[in-house]
$ cat coords_9.tsv   # TSV, N, CA and C atoms
chain	number	residue	atom	x	y	z
T	1	MET	N	24.77	-24.29	114.46
T	1	MET	CA	24.74	-25.37	115.43
T	1	MET	C	25.81	-26.40	115.04
T	2	ARG	N	26.50	-26.90	116.03
T	2	ARG	CA	27.52	-27.90	115.78
T	2	ARG	C	27.80	-28.68	117.05
T	3	ASP	N	28.46	-29.81	116.88
T	3	ASP	CA	28.87	-30.53	118.07
T	3	ASP	C	30.24	-30.02	118.51
T	4	LEU	N	30.64	-30.39	119.70
T	4	LEU	CA	31.91	-29.92	120.24
T	4	LEU	C	32.89	-31.08	120.41
T	5	TRP	N	32.79	-32.06	119.52
T	5	TRP	CA	33.65	-33.24	119.60
T	5	TRP	C	35.13	-32.86	119.53
T	6	HIS	N	35.50	-31.97	118.64
T	6	HIS	CA	36.91	-31.60	118.52
T	6	HIS	C	37.43	-30.90	119.78
T	7	GLU	N	36.61	-30.06	120.37
T	7	GLU	CA	37.01	-29.40	121.61
T	7	GLU	C	37.23	-30.43	122.71
T	8	GLN	N	36.32	-31.42	122.78
T	8	GLN	CA	36.48	-32.49	123.77
T	8	GLN	C	37.78	-33.24	123.52
T	9	GLN	N	38.06	-33.53	122.26
T	9	GLN	CA	39.27	-34.29	121.93
T	9	GLN	C	40.54	-33.54	122.30
T	10	VAL	N	40.57	-32.24	122.05
T	10	VAL	CA	41.76	-31.45	122.40
T	10	VAL	C	41.98	-31.48	123.91
T	11	CYS	N	40.92	-31.24	124.68
T	11	CYS	CA	41.05	-31.27	126.14
T	11	CYS	C	41.48	-32.65	126.62
T	12	GLU	N	40.89	-33.68	126.04
T	12	GLU	CA	41.24	-35.05	126.43
T	12	GLU	C	42.72	-35.33	126.19
T	13	LYS	N	43.23	-34.97	125.04
T	13	LYS	CA	44.64	-35.24	124.72
T	13	LYS	C	45.57	-34.44	125.62
T	14	PHE	N	45.26	-33.19	125.88
T	14	PHE	CA	46.07	-32.39	126.81
T	14	PHE	C	46.12	-33.07	128.18
T	15	LEU	N	44.96	-33.45	128.71
T	15	LEU	CA	44.91	-34.03	130.04
T	15	LEU	C	45.55	-35.42	130.10
T	16	LYS	N	45.37	-36.21	129.05
T	16	LYS	CA	46.01	-37.53	129.03
T	16	LYS	C	47.53	-37.41	128.99
T	17	HIS	N	48.03	-36.39	128.37
T	17	HIS	CA	49.47	-36.17	128.37
T	17	HIS	C	49.96	-35.98	129.81
T	18	LEU	N	49.24	-35.17	130.58
T	18	LEU	CA	49.63	-34.96	131.97
T	18	LEU	C	49.48	-36.23	132.80
T	19	VAL	N	48.40	-36.96	132.58
T	19	VAL	CA	48.21	-38.23	133.30
T	19	VAL	C	49.37	-39.16	133.01
T	20	ARG	N	49.76	-39.26	131.78
T	20	ARG	CA	50.87	-40.13	131.38
T	20	ARG	C	52.18	-39.73	132.06
T	21	LEU	N	52.39	-38.45	132.24
T	21	LEU	CA	53.62	-37.97	132.86
T	21	LEU	C	53.62	-38.04	134.38
T	22	TYR	N	52.46	-37.87	135.01
T	22	TYR	CA	52.43	-37.67	136.46
T	22	TYR	C	51.74	-38.76	137.26
T	23	VAL	N	50.93	-39.59	136.65
T	23	VAL	CA	50.16	-40.59	137.40
T	23	VAL	C	50.84	-41.95	137.27
T	24	PHE	N	51.15	-42.55	138.43
T	24	PHE	CA	51.84	-43.84	138.43
T	24	PHE	C	51.07	-44.90	139.19
T	25	ASP	N	49.80	-44.70	139.42
T	25	ASP	CA	48.97	-45.69	140.11
T	25	ASP	C	48.88	-46.96	139.29
T	26	SER	N	48.49	-48.03	139.95
T	26	SER	CA	48.39	-49.32	139.26
T	26	SER	C	47.31	-49.32	138.19
T	27	ASP	N	46.32	-48.45	138.31
T	27	ASP	CA	45.24	-48.43	137.31
T	27	ASP	C	45.38	-47.29	136.30
T	28	VAL	N	46.60	-46.81	136.09
T	28	VAL	CA	46.81	-45.69	135.16
T	28	VAL	C	46.35	-46.04	133.75
T	29	ASP	N	46.52	-47.31	133.34
T	29	ASP	CA	46.07	-47.71	132.00
T	29	ASP	C	44.56	-47.56	131.87
T	30	LYS	N	43.84	-47.88	132.92
T	30	LYS	CA	42.39	-47.72	132.91
T	30	LYS	C	42.03	-46.23	132.80
T	31	VAL	N	42.74	-45.41	133.54
T	31	VAL	CA	42.49	-43.96	133.49
T	31	VAL	C	42.74	-43.43	132.09
T	32	LEU	N	43.82	-43.88	131.45
T	32	LEU	CA	44.15	-43.41	130.11
T	32	LEU	C	43.13	-43.84	129.06
T	33	LYS	N	42.34	-44.85	129.36
T	33	LYS	CA	41.29	-45.29	128.43
T	33	LYS	C	40.00	-44.51	128.63
T	34	SER	N	39.95	-43.71	129.68
T	34	SER	CA	38.75	-42.93	129.96
T	34	SER	C	38.64	-41.74	129.00
T	35	HIS	N	37.41	-41.37	128.72
T	35	HIS	CA	37.16	-40.19	127.90
T	35	HIS	C	36.46	-39.11	128.72
T	36	LYS	N	36.31	-39.37	130.02
T	36	LYS	CA	35.68	-38.40	130.91
T	36	LYS	C	36.74	-37.41	131.38
T	37	LEU	N	36.57	-36.18	130.99
T	37	LEU	CA	37.57	-35.16	131.29
T	37	LEU	C	37.72	-34.93	132.79
T	38	ILE	N	36.64	-35.06	133.54
T	38	ILE	CA	36.71	-34.88	134.99
T	38	ILE	C	37.57	-35.97	135.62
T	39	THR	N	37.43	-37.19	135.16
T	39	THR	CA	38.26	-38.29	135.68
T	39	THR	C	39.73	-38.00	135.41
T	40	LEU	N	40.04	-37.57	134.21
T	40	LEU	CA	41.43	-37.30	133.85
T	40	LEU	C	42.02	-36.17	134.68
T	41	ILE	N	41.30	-35.08	134.81
T	41	ILE	CA	41.84	-33.94	135.55
T	41	ILE	C	41.96	-34.26	137.04
T	42	PHE	N	40.99	-34.99	137.58
T	42	PHE	CA	41.03	-35.35	139.00
T	42	PHE	C	42.25	-36.21	139.31
T	43	ARG	N	42.50	-37.21	138.48
T	43	ARG	CA	43.64	-38.10	138.74
T	43	ARG	C	44.96	-37.37	138.62
T	44	MET	N	45.07	-36.49	137.66
T	44	MET	CA	46.31	-35.73	137.50
T	44	MET	C	46.50	-34.77	138.67
T	45	GLU	N	45.45	-34.09	139.06
T	45	GLU	CA	45.54	-33.16	140.19
T	45	GLU	C	45.95	-33.88	141.47
T	46	ARG	N	45.37	-35.04	141.68
T	46	ARG	CA	45.69	-35.81	142.88
T	46	ARG	C	47.15	-36.24	142.88
T	47	ALA	N	47.66	-36.63	141.72
T	47	ALA	CA	49.05	-37.07	141.62
T	47	ALA	C	50.03	-35.93	141.85
T	48	VAL	N	49.71	-34.75	141.33
T	48	VAL	CA	50.62	-33.60	141.44
T	48	VAL	C	50.40	-32.86	142.76
T	49	GLY	N	49.18	-32.92	143.29
T	49	GLY	CA	48.87	-32.22	144.53
T	49	GLY	C	48.46	-30.78	144.33
T	50	ILE	N	47.80	-30.51	143.21
T	50	ILE	CA	47.34	-29.15	142.92
T	50	ILE	C	45.89	-29.20	142.44
T	51	SER	N	45.29	-28.03	142.31
T	51	SER	CA	43.96	-27.91	141.75
T	51	SER	C	44.04	-26.95	140.57
T	52	LEU	N	43.63	-27.43	139.41
T	52	LEU	CA	43.70	-26.59	138.21
T	52	LEU	C	42.48	-25.68	138.12
T	53	ASN	N	42.69	-24.51	137.56
T	53	ASN	CA	41.64	-23.51	137.40
T	53	ASN	C	40.96	-23.71	136.05
T	54	VAL	N	40.02	-24.66	136.03
T	54	VAL	CA	39.30	-25.00	134.80
T	54	VAL	C	37.82	-25.15	135.16
T	55	ASN	N	36.95	-24.71	134.28
T	55	ASN	CA	35.51	-24.80	134.48
T	55	ASN	C	35.07	-26.28	134.45
T	56	ARG	N	34.80	-26.84	135.63
T	56	ARG	CA	34.44	-28.27	135.75
T	56	ARG	C	33.11	-28.59	135.07
T	57	ASP	N	32.15	-27.70	135.17
T	57	ASP	CA	30.87	-27.94	134.51
T	57	ASP	C	31.06	-28.04	133.00
T	58	MET	N	31.92	-27.21	132.46
T	58	MET	CA	32.17	-27.25	131.02
T	58	MET	C	32.91	-28.54	130.63
T	59	LEU	N	33.80	-29.02	131.48
T	59	LEU	CA	34.47	-30.29	131.20
T	59	LEU	C	33.46	-31.43	131.15
T	60	ARG	N	32.51	-31.41	132.07
T	60	ARG	CA	31.45	-32.44	132.06
T	60	ARG	C	30.62	-32.33	130.78
T	61	PHE	N	30.29	-31.12	130.41
T	61	PHE	CA	29.50	-30.88	129.20
T	61	PHE	C	30.25	-31.37	127.97
T	62	LEU	N	31.54	-31.03	127.87
T	62	LEU	CA	32.33	-31.47	126.71
T	62	LEU	C	32.48	-32.98	126.66
T	63	SER	N	32.54	-33.62	127.82
T	63	SER	CA	32.68	-35.08	127.85
T	63	SER	C	31.53	-35.77	127.13
T	64	ASP	N	30.35	-35.18	127.19
T	64	ASP	CA	29.20	-35.76	126.50
T	64	ASP	C	29.41	-35.84	124.99
T	65	PHE	N	30.23	-34.98	124.45
T	65	PHE	CA	30.43	-34.95	123.00
T	65	PHE	C	31.31	-36.07	122.50
T	66	TYR	N	32.08	-36.71	123.36
T	66	TYR	CA	32.89	-37.84	122.90
T	66	TYR	C	31.97	-38.94	122.38
T	67	PHE	N	31.00	-39.32	123.19
T	67	PHE	CA	30.12	-40.41	122.81
T	67	PHE	C	29.15	-39.99	121.72
T	68	ASP	N	28.60	-38.79	121.83
T	68	ASP	CA	27.67	-38.32	120.81
T	68	ASP	C	28.35	-38.15	119.46
T	69	GLY	N	29.58	-37.69	119.47
T	69	GLY	CA	30.30	-37.50	118.22
T	69	GLY	C	30.60	-38.80	117.51
T	70	ARG	N	30.84	-39.84	118.28
T	70	ARG	CA	31.15	-41.14	117.69
T	70	ARG	C	29.90	-41.97	117.43
T	71	HIS	N	28.87	-41.78	118.26
T	71	HIS	CA	27.66	-42.59	118.16
T	71	HIS	C	26.43	-41.70	118.26
T	72	PRO	N	26.19	-40.85	117.26
T	72	PRO	CA	25.03	-39.95	117.35
T	72	PRO	C	23.73	-40.73	117.40
T	73	GLY	N	22.84	-40.28	118.24
T	73	GLY	CA	21.54	-40.93	118.37
T	73	GLY	C	20.46	-39.90	118.58
T	74	VAL	N	19.36	-40.36	119.16
T	74	VAL	CA	18.23	-39.46	119.35
T	74	VAL	C	18.53	-38.35	120.35
T	75	ASP	N	19.48	-38.60	121.25
T	75	ASP	CA	19.82	-37.58	122.24
T	75	ASP	C	21.08	-36.80	121.87
T	76	PHE	N	21.40	-36.79	120.58
T	76	PHE	CA	22.58	-36.09	120.08
T	76	PHE	C	22.51	-34.61	120.46
T	77	ILE	N	23.60	-34.10	121.00
T	77	ILE	CA	23.66	-32.72	121.47
T	77	ILE	C	24.37	-31.86	120.43
T	78	VAL	N	23.82	-30.71	120.16
T	78	VAL	CA	24.52	-29.73	119.33
T	78	VAL	C	24.63	-28.44	120.14
T	79	ALA	N	25.65	-27.69	119.85
T	79	ALA	CA	25.89	-26.45	120.59
T	79	ALA	C	25.51	-25.25	119.73
T	80	ASP	N	24.95	-24.26	120.38
T	80	ASP	CA	24.71	-23.00	119.69
T	80	ASP	C	26.01	-22.19	119.72
T	81	ARG	N	25.97	-20.99	119.20
T	81	ARG	CA	27.18	-20.17	119.12
T	81	ARG	C	27.79	-19.94	120.51
T	82	GLU	N	26.94	-19.66	121.48
T	82	GLU	CA	27.44	-19.42	122.84
T	82	GLU	C	28.12	-20.67	123.40
T	83	GLY	N	27.52	-21.83	123.16
T	83	GLY	CA	28.12	-23.08	123.62
T	83	GLY	C	29.46	-23.34	122.95
T	84	ALA	N	29.53	-23.04	121.65
T	84	ALA	CA	30.78	-23.22	120.92
T	84	ALA	C	31.86	-22.29	121.46
T	85	GLU	N	31.49	-21.07	121.78
T	85	GLU	CA	32.46	-20.12	122.35
T	85	GLU	C	32.92	-20.58	123.73
T	86	ARG	N	32.01	-21.10	124.53
T	86	ARG	CA	32.39	-21.62	125.85
T	86	ARG	C	33.29	-22.84	125.69
T	87	GLY	N	33.02	-23.67	124.68
T	87	GLY	CA	33.88	-24.82	124.42
T	87	GLY	C	35.29	-24.40	124.08
T	88	TYR	N	35.40	-23.40	123.22
T	88	TYR	CA	36.72	-22.88	122.84
T	88	TYR	C	37.44	-22.29	124.05
T	89	LYS	N	36.70	-21.54	124.86
T	89	LYS	CA	37.29	-20.93	126.06
T	89	LYS	C	37.80	-22.02	127.01
T	90	THR	N	37.07	-23.10	127.12
T	90	THR	CA	37.50	-24.20	127.99
T	90	THR	C	38.77	-24.85	127.46
T	91	VAL	N	38.86	-25.04	126.15
T	91	VAL	CA	40.09	-25.58	125.55
T	91	VAL	C	41.27	-24.68	125.92
T	92	MET	N	41.09	-23.39	125.82
T	92	MET	CA	42.18	-22.47	126.12
T	92	MET	C	42.53	-22.49	127.62
T	93	GLN	N	41.53	-22.65	128.48
T	93	GLN	CA	41.80	-22.78	129.92
T	93	GLN	C	42.62	-24.03	130.20
T	94	VAL	N	42.22	-25.14	129.60
T	94	VAL	CA	42.94	-26.40	129.80
T	94	VAL	C	44.37	-26.26	129.31
T	95	LYS	N	44.55	-25.70	128.12
T	95	LYS	CA	45.90	-25.52	127.58
T	95	LYS	C	46.76	-24.67	128.51
T	96	GLU	N	46.20	-23.58	129.00
T	96	GLU	CA	46.93	-22.69	129.90
T	96	GLU	C	47.36	-23.44	131.17
T	97	GLN	N	46.45	-24.24	131.71
T	97	GLN	CA	46.76	-24.98	132.93
T	97	GLN	C	47.76	-26.10	132.68
T	98	VAL	N	47.66	-26.76	131.54
T	98	VAL	CA	48.64	-27.79	131.18
T	98	VAL	C	50.02	-27.17	131.05
T	99	ASP	N	50.10	-26.05	130.37
T	99	ASP	CA	51.39	-25.34	130.25
T	99	ASP	C	51.95	-24.99	131.62
T	100	TYR	N	51.08	-24.53	132.52
T	100	TYR	CA	51.50	-24.17	133.87
T	100	TYR	C	52.10	-25.38	134.59
T	101	VAL	N	51.41	-26.51	134.52
T	101	VAL	CA	51.90	-27.72	135.19
T	101	VAL	C	53.24	-28.14	134.61
T	102	LEU	N	53.34	-28.15	133.29
T	102	LEU	CA	54.59	-28.58	132.66
T	102	LEU	C	55.76	-27.66	133.01
T	103	GLU	N	55.48	-26.39	133.18
T	103	GLU	CA	56.54	-25.43	133.50
T	103	GLU	C	56.93	-25.46	134.97
T	104	ASN	N	56.02	-25.85	135.86
T	104	ASN	CA	56.26	-25.71	137.29
T	104	ASN	C	56.37	-27.01	138.08
T	105	TYR	N	56.01	-28.13	137.52
T	105	TYR	CA	56.05	-29.40	138.23
T	105	TYR	C	56.77	-30.44	137.37
T	106	ARG	N	58.01	-30.68	137.71
T	106	ARG	CA	58.80	-31.62	136.93
T	106	ARG	C	58.39	-33.05	137.28
T	107	PRO	N	57.99	-33.82	136.28
T	107	PRO	CA	57.59	-35.21	136.56
T	107	PRO	C	58.80	-36.08	136.87
T	108	GLU	N	58.58	-37.08	137.68
T	108	GLU	CA	59.63	-38.04	138.04
T	108	GLU	C	59.48	-39.23	137.10
T	109	THR	N	59.95	-39.09	135.88
T	109	THR	CA	59.81	-40.17	134.91
T	109	THR	C	60.99	-40.18	133.96
T	110	LYS	N	61.35	-41.36	133.51
T	110	LYS	CA	62.45	-41.51	132.57
T	110	LYS	C	62.12	-40.88	131.22
T	111	GLU	N	60.82	-40.79	130.91
T	111	GLU	CA	60.43	-40.21	129.63
T	111	GLU	C	60.89	-38.77	129.49
T	112	MET	N	61.03	-38.07	130.60
T	112	MET	CA	61.47	-36.68	130.54
T	112	MET	C	62.93	-36.56	130.12
T	113	GLU	N	63.71	-37.63	130.26
T	113	GLU	CA	65.10	-37.60	129.83
T	113	GLU	C	65.21	-37.32	128.34
T	114	LEU	N	64.17	-37.63	127.61
T	114	LEU	CA	64.17	-37.37	126.17
T	114	LEU	C	64.27	-35.89	125.87
T	115	PHE	N	63.81	-35.05	126.80
T	115	PHE	CA	63.80	-33.61	126.58
T	115	PHE	C	65.08	-32.92	127.03
T	116	GLU	N	65.97	-33.66	127.65
T	116	GLU	CA	67.21	-33.05	128.16
T	116	GLU	C	68.33	-33.12	127.16
$ encode --input "coords_9.tsv" --output "structure tokens"
Amino acid sequence: MRDLWHEQQVCEKFLKHLVRLYVFDSDVDKVLKSHKLITLIFRMERAVGISLNVNRDMLRFLSDFYFDGRHPGVDFIVADREGAERGYKTVMQVKEQVDYVLENYRPETKEMELFE
């Protein structure tokens, strides 16, 4: 049994990278402070105009581990082996989709000039 805090963190960082590159709304700073994976993926998808192929229920489940991992309490969640495997699979789905976006949708930002 273990928590899935690290899996949540990896997904969060991947998605925040995309938000930083593609979202230019006035409240982008608020979005970047969010730890809810669904919020991050929704805002990025809306900005790019696509829908990523990621298990949304698993993103919601992983989001719970951010708070539990930092502030464990009586409702602390631990994952069994199956849950841990699903967490890993979700990380790999997110990574695959992030790679797809980066390869196929060029952001309109000066930060990308660093890569040229």
$ atom_distance --input "coords_9.tsv" --atom1 "atom CA of Lys16 of chain T" --atom2 "atom CA of Asp64 of chain T"
17.1 Å
$ atom_distance --input "coords_9.tsv" --atom1 "atom N of Phe24 of chain T" --atom2 "atom N of Lys89 of chain T"
28.9 Å
$ residues_around --input "coords_9.tsv" --residues "Met44 of chain T" --least-positions-apart "2" --cutoff "12 Å" --atoms "only C-alpha atoms" --output "PyMOL selection string"
chain T and resi 14-25+28+31-32+37-42+46-52+97-98+101-102+105+107
$ atom_distance --input "coords_9.tsv" --atom1 "atom CA of Val54 of chain T" --atom2 "atom CA of Glu108 of chain T"
24.4 Å
$ select_by_dssp --input "coords_9.tsv" --residues "chain T" --states "alpha helix (DSSP H)" --output "PyMOL selection string"
chain T and resi 5-22+28-32+37-48+56-70+81-104
$ closest_residue --input "coords_9.tsv" --among "T:Lys33, T:Lys95, T:Phe65, T:Arg86" --to "Asn53 of chain T" --atoms "only C-alpha atoms"
T:Lys95
$ closest_residue --input "coords_9.tsv" --among "T:Arg81, T:Arg56, T:Glu45, T:Val94" --to "Leu4 of chain T" --atoms "only C-alpha atoms"
T:Arg81
$ residues_around --input "coords_9.tsv" --residues "Lys36 of chain T" --least-positions-apart "5" --cutoff "9 Å" --atoms "only C-alpha atoms" --output "ChimeraX atom specification"
/T:12,41,59-60,62-64,66
